[in-house]
>>> print(open('target_14.txt').read())   # compact mmCIF, C-alpha atoms
# COMPACT_ATOMS: atom_id res chain seq x y z
CA MET C 1 -41.18 -48.02 23.46
CA SER C 2 -40.28 -44.91 21.55
CA LEU C 3 -38.29 -43.29 18.84
CA VAL C 4 -34.67 -44.21 19.66
CA PHE C 5 -32.73 -42.90 16.66
CA ALA C 6 -33.17 -40.19 14.03
CA ALA C 7 -30.97 -39.37 11.08
CA ILE C 8 -30.86 -38.21 7.48
CA CYS C 9 -28.68 -39.22 4.57
CA SER C 10 -28.39 -38.93 0.81
CA HIS C 11 -29.62 -41.65 -1.53
CA GLY C 12 -28.33 -40.75 -4.98
CA PRO C 13 -27.90 -43.85 -7.15
CA GLY C 14 -24.42 -42.67 -8.12
CA ILE C 15 -23.23 -43.22 -4.54
CA THR C 16 -23.14 -46.95 -5.29
CA GLY C 17 -23.63 -47.16 -9.06
CA ARG C 18 -21.00 -44.60 -10.08
CA ALA C 19 -18.62 -45.06 -7.16
CA HIS C 20 -15.86 -45.99 -9.63
CA LEU C 21 -16.20 -42.63 -11.42
CA ALA C 22 -15.75 -40.52 -8.28
CA ASP C 23 -12.60 -39.17 -6.68
CA PRO C 24 -11.60 -42.13 -4.49
CA ALA C 25 -10.90 -40.00 -1.43
CA GLN C 26 -14.29 -38.26 -1.65
CA LYS C 27 -16.08 -41.54 -2.27
CA ASP C 28 -14.29 -43.33 0.58
CA ALA C 29 -15.02 -40.50 3.03
CA LEU C 30 -18.71 -40.57 2.18
CA HIS C 31 -18.97 -44.36 2.29
CA ALA C 32 -17.20 -44.39 5.68
CA GLN C 33 -19.70 -41.86 7.01
CA MET C 34 -22.62 -43.88 5.68
CA HIS C 35 -21.26 -47.04 7.30
CA GLY C 36 -20.64 -45.06 10.49
CA LEU C 37 -24.27 -44.01 10.49
CA GLY C 38 -25.15 -47.70 10.33
CA GLU C 39 -23.02 -48.35 13.39
CA SER C 40 -24.77 -45.57 15.28
CA LEU C 41 -28.09 -47.02 14.21
CA ARG C 42 -27.17 -50.44 15.61
CA GLU C 43 -25.96 -48.89 18.87
CA ALA C 44 -29.49 -47.58 19.38
CA ARG C 45 -30.71 -51.25 19.33
CA PRO C 46 -33.80 -50.61 17.22
CA ASP C 47 -36.44 -53.28 16.62
CA ALA C 48 -37.40 -51.68 13.31
CA LEU C 49 -36.36 -48.88 10.98
CA ILE C 50 -38.75 -46.45 9.35
CA VAL C 51 -37.22 -45.02 6.18
CA VAL C 52 -38.86 -41.78 5.08
CA ALA C 53 -38.10 -41.71 1.40
CA ALA C 54 -38.95 -39.80 -1.73
CA GLU C 55 -39.41 -42.56 -4.27
CA HIS C 56 -39.02 -42.25 -7.99
CA PHE C 57 -42.05 -44.10 -9.39
CA ALA C 58 -41.24 -47.52 -8.01
CA ASN C 59 -44.78 -47.87 -6.67
CA PHE C 60 -46.79 -44.71 -7.01
CA PHE C 61 -47.81 -42.91 -10.18
CA MET C 62 -50.01 -40.02 -11.17
CA ASN C 63 -52.99 -42.34 -11.64
CA ASN C 64 -53.36 -42.45 -7.86
CA MET C 65 -50.62 -40.52 -6.11
CA PRO C 66 -50.66 -40.43 -2.31
CA PRO C 67 -48.95 -37.45 -0.68
CA TYR C 68 -47.99 -39.80 2.15
CA ALA C 69 -47.82 -43.59 2.19
CA MET C 70 -46.45 -46.28 4.47
CA GLY C 71 -45.67 -49.91 3.79
CA MET C 72 -47.56 -52.67 5.59
CA ALA C 73 -45.92 -55.93 4.53
CA ASP C 74 -43.74 -58.63 6.07
CA ALA C 75 -41.23 -58.32 3.23
CA TYR C 76 -40.27 -55.98 0.45
CA GLU C 77 -38.12 -56.35 -2.64
CA GLY C 78 -35.57 -54.18 -4.35
CA PRO C 79 -33.97 -52.59 -6.13
CA ILE C 80 -36.27 -52.15 -9.12
CA GLU C 81 -33.32 -50.80 -11.08
CA ASP C 82 -30.83 -52.88 -13.02
CA PRO C 83 -28.53 -54.24 -10.26
CA GLY C 84 -25.40 -53.61 -12.31
CA TRP C 85 -26.43 -50.02 -12.92
CA LEU C 86 -27.12 -49.38 -9.24
CA GLY C 87 -24.33 -51.53 -7.83
CA ILE C 88 -26.77 -53.28 -5.48
CA ALA C 89 -27.99 -56.85 -5.94
CA LYS C 90 -31.70 -57.64 -5.96
CA THR C 91 -32.74 -58.84 -2.54
CA ARG C 92 -35.57 -59.34 -0.08
CA ILE C 93 -35.87 -56.85 2.76
CA PRO C 94 -37.70 -57.89 5.93
CA GLY C 95 -40.69 -55.89 7.08
CA ASP C 96 -43.18 -56.20 9.94
CA ALA C 97 -46.78 -55.93 8.80
CA ALA C 98 -48.23 -56.08 12.30
CA LEU C 99 -45.99 -53.28 13.56
CA SER C 100 -46.71 -51.26 10.42
CA ARG C 101 -50.41 -51.64 11.02
CA ARG C 102 -50.15 -50.31 14.57
CA LEU C 103 -47.93 -47.40 13.52
CA ILE C 104 -50.16 -46.50 10.59
CA GLY C 105 -53.19 -46.57 12.86
CA GLU C 106 -51.52 -44.05 15.12
CA VAL C 107 -50.34 -41.82 12.25
CA MET C 108 -53.87 -41.80 10.84
CA LYS C 109 -55.12 -40.03 13.93
CA GLU C 110 -53.39 -36.91 12.63
CA VAL C 111 -52.51 -37.45 8.95
CA ASP C 112 -54.45 -39.27 6.23
CA VAL C 113 -51.62 -41.58 5.23
CA ALA C 114 -52.11 -44.21 2.53
CA PHE C 115 -50.92 -47.74 3.19
CA ALA C 116 -49.54 -50.35 0.83
CA GLU C 117 -49.20 -54.10 1.34
CA GLU C 118 -46.89 -54.26 -1.67
CA TRP C 119 -43.88 -52.04 -2.07
CA LYS C 120 -40.81 -52.24 -4.26
CA PHE C 121 -37.75 -50.27 -3.19
CA ASP C 122 -35.82 -48.10 -5.63
CA HIS C 123 -32.47 -46.40 -5.07
CA GLY C 124 -34.14 -43.98 -2.68
CA ILE C 125 -34.31 -46.70 -0.05
CA MET C 126 -31.81 -49.28 -1.34
CA VAL C 127 -28.79 -46.97 -1.33
CA PRO C 128 -29.23 -46.04 2.35
CA LEU C 129 -29.94 -49.67 3.35
CA HIS C 130 -26.85 -50.84 1.47
CA PHE C 131 -24.80 -48.95 4.06
CA LEU C 132 -27.06 -48.88 7.12
CA THR C 133 -28.27 -52.49 7.23
CA PRO C 134 -26.02 -54.28 4.72
CA ASN C 135 -27.18 -57.71 5.91
CA TYR C 136 -30.86 -56.72 5.57
CA ASP C 137 -31.47 -58.09 9.05
CA LEU C 138 -33.54 -55.25 10.51
CA PRO C 139 -37.25 -54.95 9.68
CA VAL C 140 -37.84 -51.90 7.53
CA ILE C 141 -41.04 -49.89 7.30
CA PRO C 142 -41.01 -47.71 4.20
CA ALA C 143 -42.71 -44.34 4.26
CA ASN C 144 -43.01 -42.13 1.22
CA ILE C 145 -43.58 -38.46 0.63
CA ASN C 146 -44.46 -37.60 -2.95
CA CYS C 147 -41.69 -35.30 -4.16
CA GLN C 148 -42.00 -36.19 -7.88
CA GLY C 149 -45.48 -35.61 -9.24
CA PRO C 150 -46.84 -32.09 -8.56
CA PRO C 151 -48.89 -30.86 -6.86
CA LEU C 152 -46.70 -31.70 -3.89
CA THR C 153 -47.75 -31.70 -0.28
CA PRO C 154 -47.14 -28.34 1.44
CA LEU C 155 -44.20 -28.19 3.86
CA PRO C 156 -46.36 -27.57 6.97
CA ARG C 157 -48.17 -30.83 6.21
CA THR C 158 -44.80 -32.56 5.99
CA TRP C 159 -44.03 -31.25 9.44
CA ALA C 160 -47.35 -32.63 10.65
CA PHE C 161 -46.50 -36.01 9.11
CA GLY C 162 -43.20 -36.03 11.01
CA GLU C 163 -44.95 -35.19 14.25
CA ALA C 164 -47.50 -37.93 13.62
CA LEU C 165 -44.68 -40.43 13.01
CA ARG C 166 -43.16 -39.42 16.33
CA ARG C 167 -46.41 -39.90 18.21
CA ALA C 168 -46.83 -43.27 16.55
CA CYS C 169 -43.31 -44.40 17.49
CA ASP C 170 -43.88 -43.34 21.08
CA ALA C 171 -47.16 -45.27 21.20
CA VAL C 172 -45.75 -48.71 20.38
CA PRO C 173 -43.60 -50.91 22.67
CA GLU C 174 -40.90 -51.47 20.05
CA ARG C 175 -37.76 -49.39 19.71
CA ILE C 176 -38.03 -47.49 16.42
CA ALA C 177 -35.32 -45.85 14.37
CA LEU C 178 -36.12 -43.21 11.75
CA VAL C 179 -34.00 -42.25 8.76
CA GLY C 180 -35.00 -39.68 6.17
CA THR C 181 -33.36 -39.89 2.76
CA GLY C 182 -33.34 -37.29 0.07
CA GLY C 183 -31.25 -34.73 -1.66
CA ILE C 184 -30.89 -31.06 -0.90
CA SER C 185 -30.23 -28.94 -3.99
CA HIS C 186 -29.74 -31.05 -7.09
CA TRP C 187 -30.82 -31.37 -10.70
CA PRO C 188 -30.81 -35.14 -11.10
CA ALA C 189 -31.70 -37.08 -14.19
CA THR C 190 -31.08 -34.12 -16.47
CA PRO C 191 -28.00 -32.90 -18.38
CA ASP C 192 -27.54 -30.58 -15.36
CA SER C 193 -26.79 -33.61 -13.20
CA GLY C 194 -23.88 -32.61 -10.98
CA LYS C 195 -25.04 -29.04 -10.50
CA ILE C 196 -25.18 -28.34 -6.75
CA ASN C 197 -26.00 -25.09 -4.96
CA GLU C 198 -23.67 -25.49 -2.01
CA ALA C 199 -24.59 -22.18 -0.36
CA TRP C 200 -28.28 -23.12 -0.48
CA ASP C 201 -27.50 -26.55 0.91
CA ARG C 202 -25.46 -25.20 3.80
CA ASP C 203 -28.16 -22.68 4.65
CA PHE C 204 -30.80 -25.42 4.63
CA LEU C 205 -28.63 -27.70 6.77
CA ALA C 206 -28.02 -24.88 9.28
CA ARG C 207 -31.80 -24.51 9.63
CA TRP C 208 -32.09 -28.29 10.00
CA VAL C 209 -29.32 -28.59 12.61
CA ARG C 210 -30.90 -25.98 14.86
CA ASN C 211 -34.30 -27.54 14.12
CA ASP C 212 -35.82 -24.19 13.30
CA ARG C 213 -39.37 -25.07 12.31
CA ALA C 214 -40.26 -21.64 10.94
CA ALA C 215 -37.08 -21.44 8.86
CA LEU C 216 -37.44 -25.00 7.56
CA LEU C 217 -40.97 -24.31 6.38
CA ASP C 218 -40.07 -20.96 4.82
CA TYR C 219 -39.60 -22.22 1.27
CA SER C 220 -42.04 -22.14 -1.61
CA ASP C 221 -41.80 -24.80 -4.31
CA GLU C 222 -41.15 -22.01 -6.82
CA GLN C 223 -38.14 -20.81 -4.83
CA THR C 224 -36.88 -24.35 -4.32
CA TYR C 225 -37.21 -25.20 -8.01
CA ARG C 226 -35.32 -22.05 -8.99
CA ASP C 227 -32.52 -22.29 -6.41
CA ALA C 228 -32.30 -26.01 -5.68
CA GLY C 229 -33.76 -27.75 -8.70
CA GLN C 230 -36.49 -30.37 -8.89
CA GLY C 231 -34.36 -32.54 -6.63
CA GLY C 232 -34.71 -29.90 -3.91
CA PHE C 233 -38.33 -30.92 -3.43
CA GLU C 234 -36.93 -33.87 -1.46
CA ILE C 235 -36.14 -31.59 1.50
CA ARG C 236 -39.52 -32.84 2.68
CA THR C 237 -37.94 -36.05 3.92
CA PHE C 238 -35.41 -34.15 6.03
CA ILE C 239 -38.08 -31.82 7.37
CA ALA C 240 -40.25 -34.75 8.47
CA VAL C 241 -37.33 -36.18 10.45
CA ALA C 242 -36.73 -32.82 12.16
CA ALA C 243 -40.38 -32.69 13.18
CA ALA C 244 -40.25 -36.24 14.51
CA ALA C 245 -36.97 -35.97 16.41
CA GLY C 246 -37.49 -32.55 17.92
CA GLY C 247 -33.90 -32.02 19.08
CA GLU C 248 -30.84 -30.45 17.56
CA GLY C 249 -29.00 -31.99 14.67
CA GLU C 250 -25.39 -32.95 14.23
CA LEU C 251 -24.02 -32.65 10.71
CA ARG C 252 -21.51 -35.45 10.30
CA HIS C 253 -20.75 -35.03 6.63
CA TYR C 254 -21.51 -32.70 3.75
CA ALA C 255 -19.60 -32.80 0.48
CA PRO C 256 -20.78 -31.79 -2.99
CA ILE C 257 -19.79 -34.65 -5.30
CA PRO C 258 -20.92 -33.80 -8.85
CA ILE C 259 -20.69 -37.34 -10.25
CA PHE C 260 -23.05 -38.38 -7.44
CA SER C 261 -25.34 -35.49 -8.49
CA VAL C 262 -25.83 -34.17 -4.96
CA GLY C 263 -24.26 -32.60 -1.91
CA CYS C 264 -23.73 -35.83 -0.01
CA THR C 265 -25.09 -35.54 3.50
CA VAL C 266 -25.03 -37.59 6.69
CA ALA C 267 -26.51 -36.20 9.90
CA THR C 268 -28.14 -37.33 13.11
CA MET C 269 -30.62 -35.54 15.31
CA ALA C 270 -31.19 -35.68 19.04
CA ILE C 271 -34.56 -36.93 20.18
CA ALA C 272 -36.28 -34.42 22.39
CA MET U 1 -49.50 -35.22 -27.09
CA SER U 2 -50.08 -37.94 -24.52
CA LEU U 3 -47.20 -37.49 -22.15
CA TYR U 4 -49.16 -39.11 -19.36
CA ALA U 5 -49.42 -42.38 -21.30
CA THR U 6 -45.74 -42.28 -22.23
CA GLN U 7 -44.81 -41.89 -18.60
CA LYS U 8 -47.21 -44.61 -17.55
CA LEU U 9 -45.57 -47.02 -19.96
CA LEU U 10 -42.15 -46.14 -18.51
CA PHE U 11 -43.52 -46.57 -14.99
CA HIS U 12 -44.78 -50.07 -15.78
CA LEU U 13 -41.67 -51.00 -17.72
CA ASN U 14 -39.23 -49.88 -15.04
CA ARG U 15 -40.84 -51.77 -12.19
CA ASP U 16 -42.42 -54.90 -13.68
CA PRO U 17 -40.34 -57.79 -15.03
CA ALA U 18 -43.36 -59.10 -16.98
CA VAL U 19 -43.62 -55.82 -18.88
CA GLN U 20 -39.88 -55.90 -19.44
CA GLN U 21 -40.31 -59.33 -21.04
CA ARG U 22 -43.05 -57.99 -23.31
CA TYR U 23 -40.75 -55.10 -24.21
CA ARG U 24 -38.13 -57.60 -25.36
CA ASP U 25 -40.54 -60.04 -27.03
CA ASP U 26 -42.94 -57.75 -28.88
CA LEU U 27 -42.49 -54.05 -28.27
CA PRO U 28 -45.05 -52.86 -30.87
CA ALA U 29 -47.75 -54.98 -29.22
CA LEU U 30 -46.85 -53.60 -25.82
CA LEU U 31 -47.09 -50.05 -27.14
CA ASP U 32 -50.57 -50.77 -28.49
CA ASP U 33 -51.75 -50.90 -24.89
CA TYR U 34 -50.92 -47.23 -24.38
CA ASP U 35 -52.52 -44.17 -25.96
CA LEU U 36 -49.36 -42.80 -27.57
CA ASP U 37 -49.08 -40.42 -30.47
CA ALA U 38 -46.79 -41.18 -33.41
CA GLU U 39 -43.92 -39.10 -32.09
CA GLU U 40 -43.95 -40.82 -28.69
CA ARG U 41 -44.32 -44.26 -30.20
CA GLU U 42 -41.38 -43.71 -32.50
CA ALA U 43 -39.23 -42.41 -29.64
CA ILE U 44 -39.90 -45.46 -27.50
CA LEU U 45 -39.47 -47.89 -30.41
CA GLY U 46 -36.09 -46.33 -31.08
CA GLY U 47 -35.00 -46.14 -27.45
CA ASP U 48 -34.57 -42.42 -28.10
CA VAL U 49 -33.88 -41.13 -24.60
CA GLY U 50 -33.06 -37.64 -25.89
CA LYS U 51 -36.41 -37.28 -27.64
CA LEU U 52 -38.31 -38.62 -24.63
CA TYR U 53 -36.46 -36.10 -22.46
CA VAL U 54 -37.51 -33.23 -24.73
CA LEU U 55 -41.11 -34.50 -24.78
CA GLY U 56 -41.11 -33.96 -21.02
CA ALA U 57 -40.91 -37.46 -19.60
CA ASN U 58 -40.09 -37.29 -15.89
CA GLY U 59 -36.33 -37.50 -15.50
CA GLN U 60 -36.44 -40.25 -12.92
CA LEU U 61 -38.61 -42.44 -15.14
CA LEU U 62 -36.27 -41.79 -18.00
CA MET U 63 -33.13 -42.47 -15.97
CA HIS U 64 -34.43 -45.89 -14.96
CA PHE U 65 -35.42 -46.57 -18.58
CA ALA U 66 -31.89 -45.69 -19.72
CA ALA U 67 -30.54 -48.08 -17.09
CA LEU U 68 -32.84 -50.78 -18.45
CA LEU U 69 -31.45 -50.12 -21.92
CA GLY U 70 -27.96 -50.60 -20.50
CA MET U 71 -26.79 -47.11 -21.41
CA PRO U 72 -23.54 -46.05 -19.73
CA TRP U 73 -23.96 -42.93 -17.60
CA ALA U 74 -22.03 -40.60 -19.89
CA ASP U 75 -24.01 -41.78 -22.95
CA TYR U 76 -27.29 -41.28 -21.11
CA ILE U 77 -26.41 -37.71 -20.11
CA GLU U 78 -25.15 -36.92 -23.62
CA SER U 79 -28.28 -38.37 -25.23
CA MET U 80 -30.39 -35.82 -23.35
CA ARG U 81 -28.12 -32.99 -24.51
CA GLU U 82 -28.36 -34.31 -28.05
CA GLY U 83 -32.13 -34.42 -27.74
CA VAL U 84 -32.18 -30.72 -26.88
CA ARG U 85 -29.77 -29.91 -29.71
CA ARG U 86 -31.97 -31.71 -32.23
CA HIS U 87 -35.46 -30.96 -30.95
CA GLY U 88 -35.20 -27.82 -28.83
CA PRO U 89 -35.95 -27.18 -25.15
CA VAL U 90 -37.86 -29.59 -22.91
CA ARG U 91 -41.55 -29.11 -23.64
CA ALA U 92 -43.19 -30.12 -20.35
CA GLY U 93 -42.64 -31.23 -16.80
CA ILE U 94 -40.15 -30.26 -14.11
CA TYR U 95 -36.93 -31.68 -15.57
CA ALA U 96 -35.97 -28.83 -17.90
CA MET U 97 -32.31 -28.30 -18.72
CA THR U 98 -30.76 -25.20 -17.16
CA THR U 99 -27.19 -25.68 -18.41
CA SER U 100 -25.95 -25.38 -21.99
CA THR U 101 -25.54 -28.25 -24.43
CA ASP U 102 -21.75 -27.86 -24.47
CA GLU U 103 -21.39 -27.93 -20.70
CA LYS U 104 -20.30 -31.06 -18.85
CA VAL U 105 -21.33 -30.31 -15.29
CA ALA U 106 -19.98 -33.48 -13.69
CA GLY U 107 -17.28 -34.09 -16.27
CA VAL U 108 -19.42 -36.44 -18.36
>>> encode(input="target_14.txt", output="C-alpha cells")
Amino acid sequence: MSLVFAAICSHGPGITGRAHLADPAQKDALHAQMHGLGESLREARPDALIVVAAEHFANFFMNNMPPYAMGMADAYEGPIEDPGWLGIAKTRIPGDAALSRRLIGEVMKEVDVAFAEEWKFDHGIMVPLHFLTPNYDLPVIPANINCQGPPLTPLPRTWAFGEALRRACDAVPERIALVGTGGISHWPATPDSGKINEAWDRDFLARWVRNDRAALLDYSDEQTYRDAGQGGFEIRTFIAVAAAAGGEGELRHYAPIPIFSVGCTVATMAIA
Amino acid sequence: MSLYATQKLLFHLNRDPAVQQRYRDDLPALLDDYDLDAEEREAILGGDVGKLYVLGANGQLLMHFAALLGMPWADYIESMREGVRRHGPVRAGIYAMTTSTDEKVAGV
C-alpha cells in the first residue's frame, strides 16, 4: 500500500551489552523510549519492516563492497557477535524474499542497489529489533549503506536511495515501515569511545527534524570525521529515512550516554 | 604490511562459526591461509588487540574480535591505549585515537 511508518534510532552495542554499566535512570529512560518506538511501530500495523542500517562487516567487506544493498531472503540470523557480549541471544529473524524482490526491483529503477539472499545481522540491526520487535514476529528487510569502508557513497546519493525506497514502498500493496539506525557523532571502537559532540548532534538533529534537504547534505566526510568521528559517517542512515518520509520529524529522545558510546536518539518522522 | 589480509581474517573469524572452530583448533594453520607479515601474524597469534589497533585494523572488526576473545569492555579499551603507548599512533585507517592514553572518556 505505502510507507506507513518512519523512524530513526541508535544501535550501539552498549545499549544492550553494557546496560549494567550505565546510570540506571539514563538507561531506563532510553530503553523505555526504544520500547515506545516499538509500540508506535505496531500501531502503524506494518506488514514488513525495512531497517536501513550501517553494518560493521557482518556481510560485506572490501573485497566487494556495495554502497547500497538489500536483503532478499525468507529468514535471517543474528547476532554475529557473542550473545553474552551483546546481551542478545542468537535467533532467527523472519524475512520475506518475494516482497524484497518486488521492492528491490522498484529501487533499481533509480539506484543500483545490490541484493543478498544471505544476510547475518550484527548489532546494527539486532539492537533496534531487540526493542522494536522483541518477539521477532514481523518480517524484516535489511538494507545497508556502507559507512565503514571508504570511499563512502556521497550524501546526495544517499538521499536518492531514500527517495527510491519511498517509491518502492508506495508501489507495493503491503504496509511498510522504515527505521534507520546509526549514530550521530561518535568515536566507537577506539579508546575515544564515549566521546560525543553534543552540539554537533543537536545541530544535525535540528536539520533532520525540519527535514532540510540542503542542510542535511551540507557535510563533507572530512568535516564529519573531524567533528563527529568515524561513527558520524552513519548519518547516512538517518538522511535516507528523511528522504523517504518527506515530512517533519519529532525528536522523542536524545541523551549522550558515554558508556553507550553515542548520543542515544529516538525519533519519528511524518510521512508526506 | 598486509592490513587488508589481517582485516579479511578478522572479517571471516567474526562472522563464521567454522572459522572460529579453526581458530580454536589450529590457529597457525588458519593463519597460513592469509597473506600476513610476521608482525601481523604474531599479533593475531597473541590475541594482541592493542597491536592490531595500532596496525590500523578497522575498529569494528577489532571490537568484535575482542568480544570473541571474551575481553571485558574496560580491558578491551585499555588494551588499545596500551597498544598506542607501546607502539605509537595508529598507522592506518579511520579509527585513530584522538584522546590521550591517560584519559578515560567513558570512565573505563
>>> atom_distance(input="target_14.txt", atom1="CA of Ala7 (chain C)", atom2="CA of Glu55 (chain C)")
17.8 Å
>>> interface_residues(input="target_14.txt", of="chain C", to="chain U", cutoff="8 Å", atoms="only C-alpha atoms", output="PyMOL selection string")
chain C and resi 56-59+61+80-82+85+120+187-195+230+258-259+261
>>> atom_distance(input="target_14.txt", atom1="CA of Leu55 (chain U)", atom2="CA of Arg85 (chain U)")
13.2 Å
>>> closest_residue(input="target_14.txt", among="U:Ser2, U:Glu39, U:Val49, U:Leu9", to="Tyr23 (chain U)", atoms="only C-alpha atoms")
U:Leu9
>>> residues_near_point(input="target_14.txt", point="(-26.3, -31.1, -3.4)", cutoff="6 Å", atoms="only C-alpha atoms", output="list in words")
Ile184, Ser185, His186, Ile196, Pro256, Val262 and Gly263 of chain C
>>> residues_around(input="target_14.txt", residues="Met126 (chain C)", least_positions_apart="4", cutoff="9 Å", atoms="all atoms listed in the file", output="PyMOL selection string")
chain C and resi 11+13+78-79+88+121-122+130-131
>>> residues_near_point(input="target_14.txt", point="(-42.7, -20.7, -5.7)", cutoff="12 Å", atoms="all atoms listed in the file", output="PyMOL selection string")
chain C and resi 151-152+154+218-230+233
>>> atom_distance(input="target_14.txt", atom1="CA of Arg167 (chain C)", atom2="CA of Ala244 (chain C)")
8.1 Å
>>> closest_residue(input="target_14.txt", among="C:Arg202, C:Arg213, C:His123, C:Arg175", to="Ile50 (chain C)", atoms="only C-alpha atoms")
C:Arg175
>>> residues_around(input="target_14.txt", residues="region 95-103 of chain C", least_positions_apart="4", cutoff="12 Å", atoms="only C-alpha atoms", output="NGL selection string")
:C and (2-3 or 47-51 or 69-77 or 107-111 or 113-120 or 136-143 or 164-176)
>>> residues_around(input="target_14.txt", residues="Asn144 (chain C)", least_positions_apart="4", cutoff="6 Å", atoms="only C-alpha atoms", output="JSON, numbers by chain")
{"C": [52, 53, 54, 68, 69]}
>>> residues_around(input="target_14.txt", residues="Ala272 (chain C)", least_positions_apart="4", cutoff="7 Å", atoms="all atoms listed in the file", output="PDB file with C-alpha atoms, in the frame of the given file")
ATOM      1  CA  ALA C 245     -36.970 -35.970  16.410  1.00  0.00           C
ATOM      2  CA  GLY C 246     -37.490 -32.550  17.920  1.00  0.00           C
ATOM      3  CA  GLY C 247     -33.900 -32.020  19.080  1.00  0.00           C
TER       4      GLY C 247
END
